[in-house]
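See below for the structure under consideration.
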Amino acid sequence: MGGTVPAELTEQIDPHRLAMRGTQARQPHCVALQGVVGESAHCGIYAQRPSVCREVIPAWESGAPSAQCDKARAAYGLAPLTPEDWAEPLQPQSA
Ligand code: SF4
């Protein structure tokens with residue numbers, strides 16, 4: 001229907017809606033998620049991710065909190081992101 005998400009990574013959840021495979025499980029884990037949550041993880045289809053994923057902005061990335069981001073992190077035992085998580089690292093002074 002003109003979407004960007006690879007169809008084989010989705011499942012039908014009702015006559016009108018699809019979801020990413022794995023996200024409807026009791027312990028949701030999207031089939032597109034690569035790596036280990038809490039260590040090093042990323043979306044394997046970032047440029048093609050669904051609109052619902054595009055709407056969840058990581059907390060404080062753009063200067064605003066995100067209750068949905070905090071909730072998702074908490075489900076994996078991770079602390080909420082803070083503004084400091086987005087601070088630019090200090091550059092070493094050249095001599
Ligand atoms: S951002 Fe990527 S890995 Fe995360 S839920 Fe969406 S499609 Fe899955």
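Chains: A, B, ... in order of the structure tokens. Residues: from 1 per chain. Ligands: from 1, in order shown.
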Segment 74-85 of chain A surroundings by only C-alpha atoms, 10 Å radius, close-in-sequence under 6 positions cut, as a PyMOL selection string: chain A and resi 27-28+37-38+58-68
Any chance you could export the current selection's N, CA, C and O atoms as an mmCIF file, in the first residue's frame?
data_model
loop_
_atom_site.group_PDB
_atom_site.id
_atom_site.type_symbol
_atom_site.label_atom_id
_atom_site.label_comp_id
_atom_site.auth_asym_id
_atom_site.auth_seq_id
_atom_site.Cartn_x
_atom_site.Cartn_y
_atom_site.Cartn_z
ATOM 1 N N GLN A 27 6.283 -10.545 25.683
ATOM 2 C CA GLN A 27 7.481 -9.738 25.883
ATOM 3 C C GLN A 27 7.894 -9.242 24.508
ATOM 4 O O GLN A 27 8.641 -9.912 23.784
ATOM 5 N N PRO A 28 7.404 -8.070 24.127
ATOM 6 C CA PRO A 28 7.626 -7.578 22.761
ATOM 7 C C PRO A 28 9.105 -7.451 22.414
ATOM 8 O O PRO A 28 9.915 -6.988 23.216
ATOM 9 N N VAL A 37 19.680 -5.108 23.620
ATOM 10 C CA VAL A 37 19.161 -3.922 24.308
ATOM 11 C C VAL A 37 19.942 -3.710 25.600
ATOM 12 O O VAL A 37 20.170 -4.637 26.359
ATOM 13 N N GLY A 38 20.341 -2.481 25.842
ATOM 14 C CA GLY A 38 21.105 -2.137 27.031
ATOM 15 C C GLY A 38 22.606 -2.211 26.804
ATOM 16 O O GLY A 38 23.378 -1.734 27.630
ATOM 17 N N PRO A 58 13.416 9.915 20.791
ATOM 18 C CA PRO A 58 14.127 9.625 22.039
ATOM 19 C C PRO A 58 14.070 10.824 22.988
ATOM 20 O O PRO A 58 14.228 11.970 22.567
ATOM 21 N N ALA A 59 13.832 10.532 24.270
ATOM 22 C CA ALA A 59 13.718 11.599 25.267
ATOM 23 C C ALA A 59 14.937 12.514 25.220
ATOM 24 O O ALA A 59 16.073 12.044 25.180
ATOM 25 N N TRP A 60 14.677 13.794 25.161
ATOM 26 C CA TRP A 60 15.651 14.888 25.233
ATOM 27 C C TRP A 60 16.512 15.032 23.991
ATOM 28 O O TRP A 60 17.338 15.931 23.943
ATOM 29 N N GLU A 61 16.335 14.177 22.972
ATOM 30 C CA GLU A 61 17.143 14.350 21.761
ATOM 31 C C GLU A 61 16.899 15.725 21.152
ATOM 32 O O GLU A 61 17.809 16.362 20.626
ATOM 33 N N SER A 62 15.630 16.159 21.227
ATOM 34 C CA SER A 62 15.283 17.476 20.681
ATOM 35 C C SER A 62 14.935 18.452 21.797
ATOM 36 O O SER A 62 14.224 19.427 21.562
ATOM 37 N N GLY A 63 15.376 18.155 23.023
ATOM 38 C CA GLY A 63 15.154 19.070 24.137
ATOM 39 C C GLY A 63 13.853 18.854 24.881
ATOM 40 O O GLY A 63 13.492 19.665 25.732
ATOM 41 N N ALA A 64 13.141 17.768 24.593
ATOM 42 C CA ALA A 64 11.863 17.527 25.261
ATOM 43 C C ALA A 64 11.836 16.113 25.842
ATOM 44 O O ALA A 64 12.448 15.191 25.285
ATOM 45 N N PRO A 65 11.120 15.953 26.970
ATOM 46 C CA PRO A 65 10.995 14.607 27.530
ATOM 47 C C PRO A 65 10.091 13.748 26.649
ATOM 48 O O PRO A 65 9.377 14.257 25.789
ATOM 49 N N SER A 66 10.139 12.437 26.854
ATOM 50 C CA SER A 66 9.265 11.521 26.123
ATOM 51 C C SER A 66 8.845 10.399 27.059
ATOM 52 O O SER A 66 9.644 9.507 27.364
ATOM 53 N N ALA A 67 7.600 10.456 27.516
ATOM 54 C CA ALA A 67 7.095 9.429 28.418
ATOM 55 C C ALA A 67 7.112 8.061 27.739
ATOM 56 O O ALA A 67 7.378 7.038 28.383
ATOM 57 N N GLN A 68 6.870 8.029 26.432
ATOM 58 C CA GLN A 68 6.849 6.746 25.711
ATOM 59 C C GLN A 68 8.256 6.151 25.627
ATOM 60 O O GLN A 68 8.440 4.941 25.772
#
Those in chain A with alpha helix (DSSP H) from DSSP, as a ChimeraX atom specification: /A:51-54,67-75
Shell of 9 Å around ligand 1 (only C-alpha atoms and all ligand atoms), written as a PyMOL selection string: chain A and resi 5+9+20-23+29-34+41-54+56
Saved selection, atoms kept: N, CA and C atoms, as an mmCIF file, in the first residue's frame:
data_model
loop_
_atom_site.group_PDB
_atom_site.id
_atom_site.type_symbol
_atom_site.label_atom_id
_atom_site.label_comp_id
_atom_site.auth_asym_id
_atom_site.auth_seq_id
_atom_site.Cartn_x
_atom_site.Cartn_y
_atom_site.Cartn_z
ATOM 1 N N VAL A 5 7.952 -0.153 4.982
ATOM 2 C CA VAL A 5 8.386 -1.289 5.797
ATOM 3 C C VAL A 5 8.368 -2.568 4.961
ATOM 4 N N LEU A 9 8.418 -8.413 7.273
ATOM 5 C CA LEU A 9 8.700 -8.147 8.690
ATOM 6 C C LEU A 9 7.440 -7.758 9.458
ATOM 7 N N MET A 20 4.785 -4.663 13.376
ATOM 8 C CA MET A 20 6.067 -5.331 13.193
ATOM 9 C C MET A 20 5.988 -6.687 13.872
ATOM 10 N N ARG A 21 6.502 -7.722 13.186
ATOM 11 C CA ARG A 21 6.515 -9.048 13.808
ATOM 12 C C ARG A 21 7.301 -8.982 15.120
ATOM 13 N N GLY A 22 6.778 -9.622 16.127
ATOM 14 C CA GLY A 22 7.424 -9.672 17.433
ATOM 15 C C GLY A 22 6.898 -8.645 18.413
ATOM 16 N N THR A 23 6.227 -7.613 17.919
ATOM 17 C CA THR A 23 5.785 -6.554 18.828
ATOM 18 C C THR A 23 4.459 -6.866 19.518
ATOM 19 N N HIS A 29 9.443 -7.887 21.208
ATOM 20 C CA HIS A 29 10.791 -7.717 20.684
ATOM 21 C C HIS A 29 10.658 -7.640 19.169
ATOM 22 N N CYS A 30 10.782 -6.461 18.635
ATOM 23 C CA CYS A 30 10.611 -6.246 17.197
ATOM 24 C C CYS A 30 11.630 -7.061 16.404
ATOM 25 N N VAL A 31 11.172 -7.682 15.341
ATOM 26 C CA VAL A 31 12.031 -8.504 14.500
ATOM 27 C C VAL A 31 13.140 -7.678 13.856
ATOM 28 N N ALA A 32 12.945 -6.375 13.729
ATOM 29 C CA ALA A 32 13.950 -5.518 13.081
ATOM 30 C C ALA A 32 15.016 -5.014 14.047
ATOM 31 N N LEU A 33 14.816 -5.246 15.342
ATOM 32 C CA LEU A 33 15.786 -4.746 16.315
ATOM 33 C C LEU A 33 17.050 -5.591 16.266
ATOM 34 N N GLN A 34 18.172 -4.959 16.037
ATOM 35 C CA GLN A 34 19.466 -5.634 15.935
ATOM 36 C C GLN A 34 20.287 -5.362 17.191
ATOM 37 N N ALA A 41 22.319 -1.631 20.548
ATOM 38 C CA ALA A 41 21.174 -2.047 19.740
ATOM 39 C C ALA A 41 20.777 -0.918 18.800
ATOM 40 N N HIS A 42 20.213 -1.311 17.661
ATOM 41 C CA HIS A 42 19.726 -0.310 16.716
ATOM 42 C C HIS A 42 18.638 -0.922 15.851
ATOM 43 N N CYS A 43 17.892 -0.050 15.204
ATOM 44 C CA CYS A 43 16.853 -0.486 14.288
ATOM 45 C C CYS A 43 17.512 -0.915 12.973
ATOM 46 N N GLY A 44 17.236 -2.141 12.568
ATOM 47 C CA GLY A 44 17.836 -2.664 11.340
ATOM 48 C C GLY A 44 17.190 -2.137 10.073
ATOM 49 N N ILE A 45 16.078 -1.434 10.208
ATOM 50 C CA ILE A 45 15.404 -0.863 9.024
ATOM 51 C C ILE A 45 15.124 0.620 9.267
ATOM 52 N N TYR A 46 16.067 1.299 9.912
ATOM 53 C CA TYR A 46 15.818 2.668 10.384
ATOM 54 C C TYR A 46 15.209 3.566 9.300
ATOM 55 N N ALA A 47 15.784 3.573 8.121
ATOM 56 C CA ALA A 47 15.270 4.453 7.059
ATOM 57 C C ALA A 47 13.895 4.017 6.569
ATOM 58 N N GLN A 48 13.531 2.763 6.845
ATOM 59 C CA GLN A 48 12.249 2.218 6.378
ATOM 60 C C GLN A 48 11.288 1.967 7.534
ATOM 61 N N ARG A 49 11.620 2.422 8.730
ATOM 62 C CA ARG A 49 10.810 2.110 9.911
ATOM 63 C C ARG A 49 9.399 2.693 9.752
ATOM 64 N N PRO A 50 8.429 2.060 10.435
ATOM 65 C CA PRO A 50 7.031 2.507 10.301
ATOM 66 C C PRO A 50 6.782 3.868 10.949
ATOM 67 N N SER A 51 5.683 4.457 10.576
ATOM 68 C CA SER A 51 5.359 5.802 11.070
ATOM 69 C C SER A 51 5.247 5.841 12.589
ATOM 70 N N VAL A 52 4.735 4.779 13.205
ATOM 71 C CA VAL A 52 4.619 4.799 14.667
ATOM 72 C C VAL A 52 5.991 4.889 15.319
ATOM 73 N N CYS A 53 6.979 4.308 14.692
ATOM 74 C CA CYS A 53 8.333 4.393 15.237
ATOM 75 C C CYS A 53 8.920 5.788 14.997
ATOM 76 N N ARG A 54 8.603 6.377 13.857
ATOM 77 C CA ARG A 54 9.096 7.728 13.561
ATOM 78 C C ARG A 54 8.538 8.755 14.531
ATOM 79 N N VAL A 56 8.006 8.323 17.758
ATOM 80 C CA VAL A 56 8.603 8.243 19.106
ATOM 81 C C VAL A 56 10.016 8.811 19.036
#
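As for atom CA of Leu18 of chain A and atom CA of Gly35 of chain A, they are spaced 23.7 Å apart.
Considering the residues A:Ala87, A:Gln93, A:Ala72, A:Ala25 and counting only C-alpha atoms, Glu11 of chain A has its shortest atom-to-atom contact with A:Ala25.
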Length of the atom CA of Ile13 of chain A to atom CA of Ser40 of chain A vector [Å]: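 Taking atom CA of Ile13 of chain A as the start and atom CA of Ser40 of chain A as the end point, the length is 29.4 Å.
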All strand (DSSP E) positions in chain A, as a PyMOL selection string: chain A and resi 10-14+17-20+33-36+40-43
Go ahead and write the selection's residues with N, CA, C and O atoms as a PDB file, in the first residue's frame.
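So again.pdb came out as:
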ATOM      1  N   THR A  10       6.302  -7.804   8.803  1.00  0.00           N
ATOM      2  CA  THR A  10       5.058  -7.382   9.449  1.00  0.00           C
ATOM      3  C   THR A  10       4.098  -8.558   9.612  1.00  0.00           C
ATOM      4  O   THR A  10       4.264  -9.608   8.987  1.00  0.00           O
ATOM      5  N   GLU A  11       3.117  -8.353  10.475  1.00  0.00           N
ATOM      6  CA  GLU A  11       2.033  -9.321  10.632  1.00  0.00           C
ATOM      7  C   GLU A  11       0.718  -8.556  10.739  1.00  0.00           C
ATOM      8  O   GLU A  11       0.683  -7.432  11.242  1.00  0.00           O
ATOM      9  N   GLN A  12      -0.343  -9.186  10.253  1.00  0.00           N
ATOM     10  CA  GLN A  12      -1.674  -8.575  10.284  1.00  0.00           C
ATOM     11  C   GLN A  12      -2.225  -8.689  11.701  1.00  0.00           C
ATOM     12  O   GLN A  12      -2.225  -9.776  12.281  1.00  0.00           O
ATOM     13  N   ILE A  13      -2.681  -7.576  12.285  1.00  0.00           N
ATOM     14  CA  ILE A  13      -3.259  -7.664  13.633  1.00  0.00           C
ATOM     15  C   ILE A  13      -4.768  -7.469  13.626  1.00  0.00           C
ATOM     16  O   ILE A  13      -5.427  -7.797  14.603  1.00  0.00           O
ATOM     17  N   ASP A  14      -5.292  -6.919  12.551  1.00  0.00           N
ATOM     18  CA  ASP A  14      -6.741  -6.868  12.335  1.00  0.00           C
ATOM     19  C   ASP A  14      -6.949  -6.576  10.851  1.00  0.00           C
ATOM     20  O   ASP A  14      -5.968  -6.431  10.110  1.00  0.00           O
ATOM     21  N   ARG A  17      -4.945  -3.238   9.975  1.00  0.00           N
ATOM     22  CA  ARG A  17      -3.669  -2.801  10.538  1.00  0.00           C
ATOM     23  C   ARG A  17      -2.626  -3.919  10.537  1.00  0.00           C
ATOM     24  O   ARG A  17      -2.947  -5.087  10.701  1.00  0.00           O
ATOM     25  N   LEU A  18      -1.365  -3.478  10.353  1.00  0.00           N
ATOM     26  CA  LEU A  18      -0.212  -4.357  10.459  1.00  0.00           C
ATOM     27  C   LEU A  18       0.619  -3.931  11.655  1.00  0.00           C
ATOM     28  O   LEU A  18       0.532  -2.792  12.110  1.00  0.00           O
ATOM     29  N   ALA A  19       1.414  -4.845  12.143  1.00  0.00           N
ATOM     30  CA  ALA A  19       2.391  -4.519  13.196  1.00  0.00           C
ATOM     31  C   ALA A  19       3.702  -5.178  12.829  1.00  0.00           C
ATOM     32  O   ALA A  19       3.743  -6.135  12.044  1.00  0.00           O
ATOM     33  N   MET A  20       4.785  -4.663  13.376  1.00  0.00           N
ATOM     34  CA  MET A  20       6.067  -5.331  13.193  1.00  0.00           C
ATOM     35  C   MET A  20       5.988  -6.687  13.872  1.00  0.00           C
ATOM     36  O   MET A  20       5.459  -6.803  14.986  1.00  0.00           O
ATOM     37  N   LEU A  33      14.816  -5.246  15.342  1.00  0.00           N
ATOM     38  CA  LEU A  33      15.786  -4.746  16.315  1.00  0.00           C
ATOM     39  C   LEU A  33      17.050  -5.591  16.266  1.00  0.00           C
ATOM     40  O   LEU A  33      17.006  -6.810  16.412  1.00  0.00           O
ATOM     41  N   GLN A  34      18.172  -4.959  16.037  1.00  0.00           N
ATOM     42  CA  GLN A  34      19.466  -5.634  15.935  1.00  0.00           C
ATOM     43  C   GLN A  34      20.287  -5.362  17.191  1.00  0.00           C
ATOM     44  O   GLN A  34      20.237  -4.267  17.750  1.00  0.00           O
ATOM     45  N   GLY A  35      21.056  -6.345  17.625  1.00  0.00           N
ATOM     46  CA  GLY A  35      21.939  -6.159  18.764  1.00  0.00           C
ATOM     47  C   GLY A  35      21.268  -6.547  20.065  1.00  0.00           C
ATOM     48  O   GLY A  35      20.263  -7.255  20.084  1.00  0.00           O
ATOM     49  N   VAL A  36      21.855  -6.085  21.165  1.00  0.00           N
ATOM     50  CA  VAL A  36      21.387  -6.424  22.504  1.00  0.00           C
ATOM     51  C   VAL A  36      20.957  -5.142  23.207  1.00  0.00           C
ATOM     52  O   VAL A  36      21.763  -4.216  23.373  1.00  0.00           O
ATOM     53  N   SER A  40      24.242  -2.635  23.015  1.00  0.00           N
ATOM     54  CA  SER A  40      24.389  -1.951  21.734  1.00  0.00           C
ATOM     55  C   SER A  40      23.279  -2.462  20.830  1.00  0.00           C
ATOM     56  O   SER A  40      23.301  -3.634  20.434  1.00  0.00           O
ATOM     57  N   ALA A  41      22.319  -1.631  20.548  1.00  0.00           N
ATOM     58  CA  ALA A  41      21.174  -2.047  19.740  1.00  0.00           C
ATOM     59  C   ALA A  41      20.777  -0.918  18.800  1.00  0.00           C
ATOM     60  O   ALA A  41      21.024   0.254  19.081  1.00  0.00           O
ATOM     61  N   HIS A  42      20.213  -1.311  17.661  1.00  0.00           N
ATOM     62  CA  HIS A  42      19.726  -0.310  16.716  1.00  0.00           C
ATOM     63  C   HIS A  42      18.638  -0.922  15.851  1.00  0.00           C
ATOM     64  O   HIS A  42      18.476  -2.137  15.769  1.00  0.00           O
ATOM     65  N   CYS A  43      17.892  -0.050  15.204  1.00  0.00           N
ATOM     66  CA  CYS A  43      16.853  -0.486  14.288  1.00  0.00           C
ATOM     67  C   CYS A  43      17.512  -0.915  12.973  1.00  0.00           C
ATOM     68  O   CYS A  43      18.218  -0.128  12.351  1.00  0.00           O
TER      69      CYS A  43
END
Between atom CA of Glu88 of chain A and atom CA of Ile57 of chain A, distance in Å (one decimal): 18.5 Å
